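*Asks:* Take a look at the following structure, please.
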Amino acid sequence: MGTFIRVHNKLNHFGITRSQVVPCVGFGPRKPSVRWGEKGSVPVRVRSNALLELVPEIKKENLDFELPLYDPSKGKVVDLAVVGGGPAGLAVAQLVSDAGLSVCSIDPSPKLIWPNNYGVWVDEFEAMDLLDCLDTTWSGAVVYVDDRTKKNLDRPYGRVNRKQLKAKMMQKCISNGVKFHQAKVIKVLHEESKSILICNDGVSIEASVVLDATGFSKCLVQYDKPYNPGYQIAYGVIAEVDGHPFDVDKMVFMDWRDSHLKNNKELKERNSKIPTFLYAMPFSSNRIFLEETSLVARPGLSMEDIQERMVARLRHLDIKVKSIEEDERCVIPMGGPLPVIPQRVIGIGGTAGMVHPSTGYMVARTLAAAPIVANSIVQSLGSGRHALALGDELSAQVWKDLWPIQRRRQREFFCFGMDILLKLDLQGTRRFFDAFFDLEPRYWHGFLSSRLFLPELIVFGLVLFGHASNTSRLEIMAKGTLPLVNMITNLVQDRD
């Protein structure tokens, strides 16, 4: 994950500028205005003046560290240059440097604490020995399918302590001898056994291996196919409130209820076609994180539309916001093609297509992938001057380890799921998740956490189809036939 998201020129449609985008993980203009959409979308007038006026000015918080800086005067070729200082980039830098190799981390704001609100399943962070980086945990989660149906999920959930996670990674990097350079990479030149990174401050850094961890900005990694993903759009706030109706021991994973729109015909019709849900993390009876989210749409909803729906929901729930600590605007591209594999620059996280195409999840997946990338780099470089592979050969091996055939097939199935979700209206989405969360936990746990591979995913799909209502089955057959054919075609064509 990088320092910001760049989604070509479509950000204007979402009602935000590049400087306002927060690269967050899902399931992650201050002044009200009129914004016109594209491709048949309707004009949206924001009626959220009171809420938005409570949003404070952005306060950037930095870690109080003395960073060991890269010295360009020495002209040293480092083993690994990591472009981007997000969780994925720092995780790889930490692991590669721990093996005794030289690493340089390049980021415009290396000390800046990430602005994202990351939510994760507790078992995912426990498996990576990162429980100390969760500042709040809930014993489980709830899903409101509609006003009559509520699902209790017996799986603990947590919010990542952004400051603690970054501090932990940075401290290990510093102790391992990682050097830092505060700049933005604007160009990379490749030679047979090394690459030259040119930064916007005029400094050039030579490295045997280059890792692009800049998130959706895709700073260096190349794509050769049309990029037309779905978009998850969300607007969230951490707020002090007079009170809220939620159990403080459970986080709200999804709330698909639409009773808050019964007196707004226009908004109700929009929501019935492209629905949004509430994602909420109650920290106490009067402090809560609230986020209105469009799971996936193409084109994505405008930020003003999301905000208007959120204000209507909070009003209906009688949640009176007294103050806002921070807000975030999330634009998450989902699905779309993988980058060119292999290529000289290695990618990880958003820049390598690692967002879960059906859910928007990424942080746990990329942190779990960091050891794979790091081990592949370390094994290829070998020790000291005895490199086993360099240049294109090394990069090809790392890409192969990051995206083996089973992971590519898994992603193809997830894209199939996204293509179905793109076609579902509110009622269809409710029917889908009613069946999804009725499955045995091993199925929905595995799907959300990318633990199921193609044979298991086929069983998952058949079991889900069996649990679905007759209406939902007919809908899946009608709207899923073409995506299914596309998936099968892509699976047949994709071979090692």
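Chain identifiers are assigned as A, B, and so on, following the order in which chains appear in the structure tokens; residues are numbered from 1 within each chain, and ligands are numbered from 1 in order of appearance.
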Using the chain letters and numbers from this document, which residues of region 265-363 of chain A does DSSP assign to strand (DSSP E or B), as a PyMOL selection string?

*Replies:* chain A and resi 277-282+287-297+321-334+346-347

*Asks:* Counting only C-alpha atoms, what is within 9 Å of Thr366 (chain A), bar same-chain residues fewer than 3 positions away, as a PyMOL selection string?

*Replies:* chain A and resi 1+87-88+348-350+354-355+362-363+369-370

*Asks:* Write the residues you've just listed into a file as a PDB file, in the first residue's frame, and include all heavy atoms for each of them.

*Replies:*
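Printed below is out_38.pdb as written:
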ATOM      1  N   MET A   1       0.834  -1.190   0.000  1.00  0.00           N
ATOM      2  CA  MET A   1       0.000   0.000   0.000  1.00  0.00           C
ATOM      3  C   MET A   1       0.869   1.241   0.000  1.00  0.00           C
ATOM      4  O   MET A   1       1.866   1.309   0.678  1.00  0.00           O
ATOM      5  CB  MET A   1      -0.899   0.015   1.226  1.00  0.00           C
ATOM      6  CG  MET A   1      -1.847  -1.192   1.281  1.00  0.00           C
ATOM      7  SD  MET A   1      -2.898  -1.119   2.675  1.00  0.00           S
ATOM      8  CE  MET A   1      -3.851   0.315   2.313  1.00  0.00           C
ATOM      9  N   PRO A  87       2.400  -0.657   4.903  1.00  0.00           N
ATOM     10  CA  PRO A  87       2.636  -1.908   5.635  1.00  0.00           C
ATOM     11  C   PRO A  87       3.365  -2.967   4.809  1.00  0.00           C
ATOM     12  O   PRO A  87       4.278  -3.621   5.306  1.00  0.00           O
ATOM     13  CB  PRO A  87       1.220  -2.366   6.004  1.00  0.00           C
ATOM     14  CG  PRO A  87       0.410  -1.114   6.045  1.00  0.00           C
ATOM     15  CD  PRO A  87       0.975  -0.239   4.978  1.00  0.00           C
ATOM     16  N   ALA A  88       2.959  -3.139   3.546  1.00  0.00           N
ATOM     17  CA  ALA A  88       3.578  -4.184   2.727  1.00  0.00           C
ATOM     18  C   ALA A  88       5.049  -3.885   2.473  1.00  0.00           C
ATOM     19  O   ALA A  88       5.910  -4.764   2.606  1.00  0.00           O
ATOM     20  CB  ALA A  88       2.823  -4.317   1.401  1.00  0.00           C
ATOM     21  N   ILE A 348       3.967  -5.536  -4.840  1.00  0.00           N
ATOM     22  CA  ILE A 348       3.267  -6.170  -3.718  1.00  0.00           C
ATOM     23  C   ILE A 348       2.125  -5.252  -3.314  1.00  0.00           C
ATOM     24  O   ILE A 348       2.199  -4.031  -3.487  1.00  0.00           O
ATOM     25  CB  ILE A 348       4.212  -6.437  -2.519  1.00  0.00           C
ATOM     26  CG1 ILE A 348       3.517  -7.346  -1.484  1.00  0.00           C
ATOM     27  CG2 ILE A 348       4.682  -5.146  -1.873  1.00  0.00           C
ATOM     28  CD1 ILE A 348       4.431  -7.854  -0.374  1.00  0.00           C
ATOM     29  N   GLY A 349       1.050  -5.848  -2.800  1.00  0.00           N
ATOM     30  CA  GLY A 349      -0.102  -5.050  -2.383  1.00  0.00           C
ATOM     31  C   GLY A 349      -0.949  -4.600  -3.560  1.00  0.00           C
ATOM     32  O   GLY A 349      -1.095  -5.305  -4.555  1.00  0.00           O
ATOM     33  N   GLY A 350      -1.492  -3.386  -3.443  1.00  0.00           N
ATOM     34  CA  GLY A 350      -2.391  -2.875  -4.469  1.00  0.00           C
ATOM     35  C   GLY A 350      -1.760  -2.807  -5.840  1.00  0.00           C
ATOM     36  O   GLY A 350      -2.412  -3.065  -6.855  1.00  0.00           O
ATOM     37  N   MET A 354      -3.361  -7.302  -5.519  1.00  0.00           N
ATOM     38  CA  MET A 354      -3.615  -8.202  -4.400  1.00  0.00           C
ATOM     39  C   MET A 354      -4.850  -7.870  -3.580  1.00  0.00           C
ATOM     40  O   MET A 354      -5.131  -8.547  -2.589  1.00  0.00           O
ATOM     41  CB  MET A 354      -2.380  -8.257  -3.500  1.00  0.00           C
ATOM     42  CG  MET A 354      -1.176  -8.866  -4.179  1.00  0.00           C
ATOM     43  SD  MET A 354       0.280  -8.970  -3.106  1.00  0.00           S
ATOM     44  CE  MET A 354      -0.284 -10.203  -1.939  1.00  0.00           C
ATOM     45  N   VAL A 355      -5.613  -6.844  -3.967  1.00  0.00           N
ATOM     46  CA  VAL A 355      -6.874  -6.571  -3.278  1.00  0.00           C
ATOM     47  C   VAL A 355      -7.847  -7.714  -3.547  1.00  0.00           C
ATOM     48  O   VAL A 355      -7.951  -8.195  -4.677  1.00  0.00           O
ATOM     49  CB  VAL A 355      -7.491  -5.247  -3.760  1.00  0.00           C
ATOM     50  CG1 VAL A 355      -8.854  -5.012  -3.122  1.00  0.00           C
ATOM     51  CG2 VAL A 355      -6.567  -4.095  -3.462  1.00  0.00           C
ATOM     52  N   MET A 362      -7.270  -6.337   1.983  1.00  0.00           N
ATOM     53  CA  MET A 362      -5.907  -6.447   1.474  1.00  0.00           C
ATOM     54  C   MET A 362      -4.843  -6.505   2.552  1.00  0.00           C
ATOM     55  O   MET A 362      -3.851  -7.215   2.399  1.00  0.00           O
ATOM     56  CB  MET A 362      -5.597  -5.288   0.517  1.00  0.00           C
ATOM     57  CG  MET A 362      -4.211  -5.402  -0.129  1.00  0.00           C
ATOM     58  SD  MET A 362      -3.876  -4.145  -1.368  1.00  0.00           S
ATOM     59  CE  MET A 362      -3.845  -2.677  -0.358  1.00  0.00           C
ATOM     60  N   VAL A 363      -4.973  -5.768   3.648  1.00  0.00           N
ATOM     61  CA  VAL A 363      -3.842  -5.585   4.555  1.00  0.00           C
ATOM     62  C   VAL A 363      -3.320  -6.907   5.110  1.00  0.00           C
ATOM     63  O   VAL A 363      -2.109  -7.154   5.103  1.00  0.00           O
ATOM     64  CB  VAL A 363      -4.191  -4.596   5.696  1.00  0.00           C
ATOM     65  CG1 VAL A 363      -5.272  -5.129   6.626  1.00  0.00           C
ATOM     66  CG2 VAL A 363      -2.935  -4.250   6.487  1.00  0.00           C
ATOM     67  N   ALA A 369       1.805 -12.112   2.627  1.00  0.00           N
ATOM     68  CA  ALA A 369       2.599 -12.370   1.415  1.00  0.00           C
ATOM     69  C   ALA A 369       4.015 -11.815   1.520  1.00  0.00           C
ATOM     70  O   ALA A 369       4.903 -12.234   0.759  1.00  0.00           O
ATOM     71  CB  ALA A 369       1.905 -11.758   0.195  1.00  0.00           C
ATOM     72  N   ALA A 370       4.246 -10.883   2.444  1.00  0.00           N
ATOM     73  CA  ALA A 370       5.567 -10.260   2.575  1.00  0.00           C
ATOM     74  C   ALA A 370       6.683 -11.281   2.795  1.00  0.00           C
ATOM     75  O   ALA A 370       7.745 -11.179   2.159  1.00  0.00           O
ATOM     76  CB  ALA A 370       5.550  -9.221   3.697  1.00  0.00           C
TER      77      ALA A 370
END

*Asks:* Write down as an NGL selection string the residues of region 129-318 of chain A whose backbone DSSP state falls under alpha helix (DSSP H).

*Replies:* :A and (162-175 or 265-273 or 303-316)

*Asks:* So how far away is CA of Lys268 (chain A) from CA of Ala312 (chain A), in Å?

*Replies:*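 So the two atoms, CA of Ala312 (chain A) and CA of Lys268 (chain A), lie 10.5 Å apart.
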
*Asks:* So, with only C-alpha atoms as the atoms that count, which of A:Leu90, A:Val145, A:Val77, A:Ile174 lies closest to Phe65 (chain A)?

*Replies:*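 Going through A:Leu90, A:Val145, A:Val77, A:Ile174 one by one, the smallest distance to Phe65 (chain A) is for A:Ile174.
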
*Asks:* Quick one: everything within 12 Å of region 449-458 of chain A, counting only C-alpha atoms, minus sequence neighbours fewer than 4 positions away in the same chain. Send it as number ranges by chain.

*Replies:* A: 27, 120-125, 354-366, 368-369, 404-414, 416-417, 441-445, 462-465, 484, 487-488, 491

*Asks:* Can you list, as a list in words, every protein, DNA or RNA residue that comes within 8 Å of region 179-188 of chain A when you count only C-alpha atoms, leaving out same-chain residues fewer than 2 positions away?

*Replies:* Leu67, Pro68, Leu69, Tyr70, Val83, Val103, Cys104, Ser105, Ile106, Asp107, Pro108, Ser109, Pro110, Ile174, Gly177, His190, Ser195, Ile196, Leu197, Ile198, Cys199, Asn200, Asp201, Cys219 and Leu220 of chain A

*Asks:* Restricting it to N, CA, C and O atoms, dump the selection as a compact mmCIF listing (two decimals), in the first residue's frame.

*Replies:*
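out_24.txt, written as the output of this step:
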# COMPACT_ATOMS: atom_id res chain seq x y z
N LEU A 67 15.75 8.76 11.69
CA LEU A 67 15.94 7.76 10.66
C LEU A 67 17.37 7.77 10.11
O LEU A 67 17.91 8.84 9.82
N PRO A 68 17.98 6.61 9.96
CA PRO A 68 19.28 6.53 9.28
C PRO A 68 19.06 6.78 7.79
O PRO A 68 18.30 6.06 7.14
N LEU A 69 19.68 7.81 7.25
CA LEU A 69 19.40 8.23 5.89
C LEU A 69 20.37 7.61 4.89
O LEU A 69 21.53 7.35 5.19
N TYR A 70 19.86 7.40 3.71
CA TYR A 70 20.68 6.90 2.61
C TYR A 70 21.65 8.00 2.18
O TYR A 70 21.29 9.16 2.03
N VAL A 83 10.08 0.99 -2.83
CA VAL A 83 9.42 2.25 -3.14
C VAL A 83 8.03 2.23 -2.51
O VAL A 83 7.16 1.46 -2.92
N VAL A 103 19.16 -2.62 2.39
CA VAL A 103 17.84 -2.18 1.93
C VAL A 103 17.72 -0.66 2.06
O VAL A 103 18.16 -0.08 3.05
N CYS A 104 17.12 -0.03 1.06
CA CYS A 104 16.79 1.39 1.11
C CYS A 104 15.29 1.54 0.92
O CYS A 104 14.73 1.03 -0.06
N SER A 105 14.64 2.22 1.83
CA SER A 105 13.20 2.49 1.75
C SER A 105 13.00 3.92 1.28
O SER A 105 13.52 4.87 1.89
N ILE A 106 12.25 4.10 0.19
CA ILE A 106 12.05 5.42 -0.42
C ILE A 106 10.58 5.81 -0.31
O ILE A 106 9.70 5.09 -0.81
N ASP A 107 10.31 6.92 0.33
CA ASP A 107 8.93 7.37 0.52
C ASP A 107 8.93 8.88 0.75
O ASP A 107 9.84 9.39 1.41
N PRO A 108 7.95 9.62 0.22
CA PRO A 108 7.91 11.06 0.42
C PRO A 108 7.73 11.48 1.88
O PRO A 108 8.16 12.55 2.28
N SER A 109 7.07 10.62 2.68
CA SER A 109 6.83 10.93 4.10
C SER A 109 7.08 9.68 4.94
O SER A 109 6.13 9.06 5.42
N PRO A 110 8.33 9.30 5.12
CA PRO A 110 8.63 8.02 5.77
C PRO A 110 8.19 7.93 7.23
O PRO A 110 7.95 6.83 7.72
N ILE A 174 15.13 -0.17 11.35
CA ILE A 174 16.27 0.64 11.79
C ILE A 174 17.34 -0.23 12.44
O ILE A 174 18.54 -0.10 12.16
N GLY A 177 19.46 -2.02 9.99
CA GLY A 177 20.33 -1.24 9.12
C GLY A 177 19.70 -0.70 7.86
O GLY A 177 20.41 -0.25 6.95
N HIS A 190 16.75 0.31 -16.16
CA HIS A 190 17.25 -1.04 -15.86
C HIS A 190 18.50 -1.36 -16.66
O HIS A 190 18.57 -1.11 -17.87
N SER A 195 19.26 -1.82 -11.21
CA SER A 195 18.33 -0.79 -11.68
C SER A 195 18.70 0.53 -11.04
O SER A 195 19.27 0.57 -9.93
N ILE A 196 18.38 1.62 -11.73
CA ILE A 196 18.69 2.96 -11.23
C ILE A 196 17.38 3.71 -11.02
O ILE A 196 16.63 3.94 -11.98
N LEU A 197 17.10 4.06 -9.78
CA LEU A 197 15.89 4.80 -9.43
C LEU A 197 16.20 6.29 -9.39
O LEU A 197 17.12 6.72 -8.69
N ILE A 198 15.45 7.07 -10.14
CA ILE A 198 15.66 8.52 -10.18
C ILE A 198 14.54 9.18 -9.38
O ILE A 198 13.36 8.99 -9.66
N CYS A 199 14.93 9.96 -8.37
CA CYS A 199 13.95 10.59 -7.47
C CYS A 199 13.71 12.05 -7.84
O CYS A 199 14.50 12.67 -8.57
N ASN A 200 12.63 12.60 -7.33
CA ASN A 200 12.26 13.98 -7.67
C ASN A 200 13.17 15.01 -7.03
O ASN A 200 13.07 16.20 -7.34
N ASP A 201 14.07 14.60 -6.14
CA ASP A 201 15.04 15.53 -5.55
C ASP A 201 16.38 15.48 -6.28
O ASP A 201 17.36 16.07 -5.84
N CYS A 219 3.20 3.11 -9.23
CA CYS A 219 4.32 4.01 -9.57
C CYS A 219 5.21 3.43 -10.66
O CYS A 219 5.56 4.12 -11.61
N LEU A 220 5.59 2.16 -10.54
CA LEU A 220 6.58 1.58 -11.44
C LEU A 220 6.11 0.30 -12.14
O LEU A 220 6.57 -0.01 -13.24

*Asks:* Smallest atom-to-atom distance to Cys415 (chain A): which of A:Val78, A:Gly480, A:Arg495, A:Glu292, using only C-alpha atoms?

*Replies:*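 For Cys415 (chain A), the nearest of the candidates is A:Gly480.
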
*Asks:* I need the residue nearest Asp132 (chain A) from this list: A:Asp154, A:Asp79, A:Arg159, A:Val296. Use only C-alpha atoms for the distance.

*Replies:*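 Of A:Asp154, A:Asp79, A:Arg159, A:Val296, the one nearest Asp132 (chain A) is A:Arg159, counting only C-alpha atoms.
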
*Asks:* With only C-alpha atoms as the atoms that count, which of A:Ile288, A:Met170, A:Ala93, A:Leu101 lies nearest to Ser380 (chain A)?

*Replies:*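 For Ser380 (chain A), the nearest of the candidates is A:Leu101.
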
*Asks:* Check the smallest atom-to-atom distance from each of A:Val160, A:Met334, A:Met303, A:Val459 to Tyr227 (chain A) using only C-alpha atoms, then report the winner.

*Replies:*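 Smallest distance to Tyr227 (chain A) is found for A:Met334.
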
*Asks:* Would you please work out which residue, of A:Ile420, A:Ser139, A:Glu57, A:Ala468, is nearest to Phe436 (chain A) when using only C-alpha atoms?

*Replies:*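 The shortest atom-to-atom distance to Phe436 (chain A) comes from A:Ala468.
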
*Asks:* Taking only residues of region 153-210 of chain A that have an atom at most 9 Å from an atom of region 233-253 of chain A, what is each one's shortest atom pair and its distance in Å to one decimal, using only C-alpha atoms, in chain and number order, as JSON lines?

*Replies:*
{"residue": "A:Leu153", "atom": "CA", "partner": "A:Phe253", "partner_atom": "CA", "distance": 9.0}
{"residue": "A:Pro156", "atom": "CA", "partner": "A:Lys250", "partner_atom": "CA", "distance": 8.5}
{"residue": "A:Tyr157", "atom": "CA", "partner": "A:Met251", "partner_atom": "CA", "distance": 7.3}
{"residue": "A:Gly158", "atom": "CA", "partner": "A:Met251", "partner_atom": "CA", "distance": 8.7}

*Asks:* As an exercise, work out the distance from CA of Lys76 (chain A) to CA of Asn62 (chain A) in Å and give it to one decimal place.

*Replies:* 28.6 Å
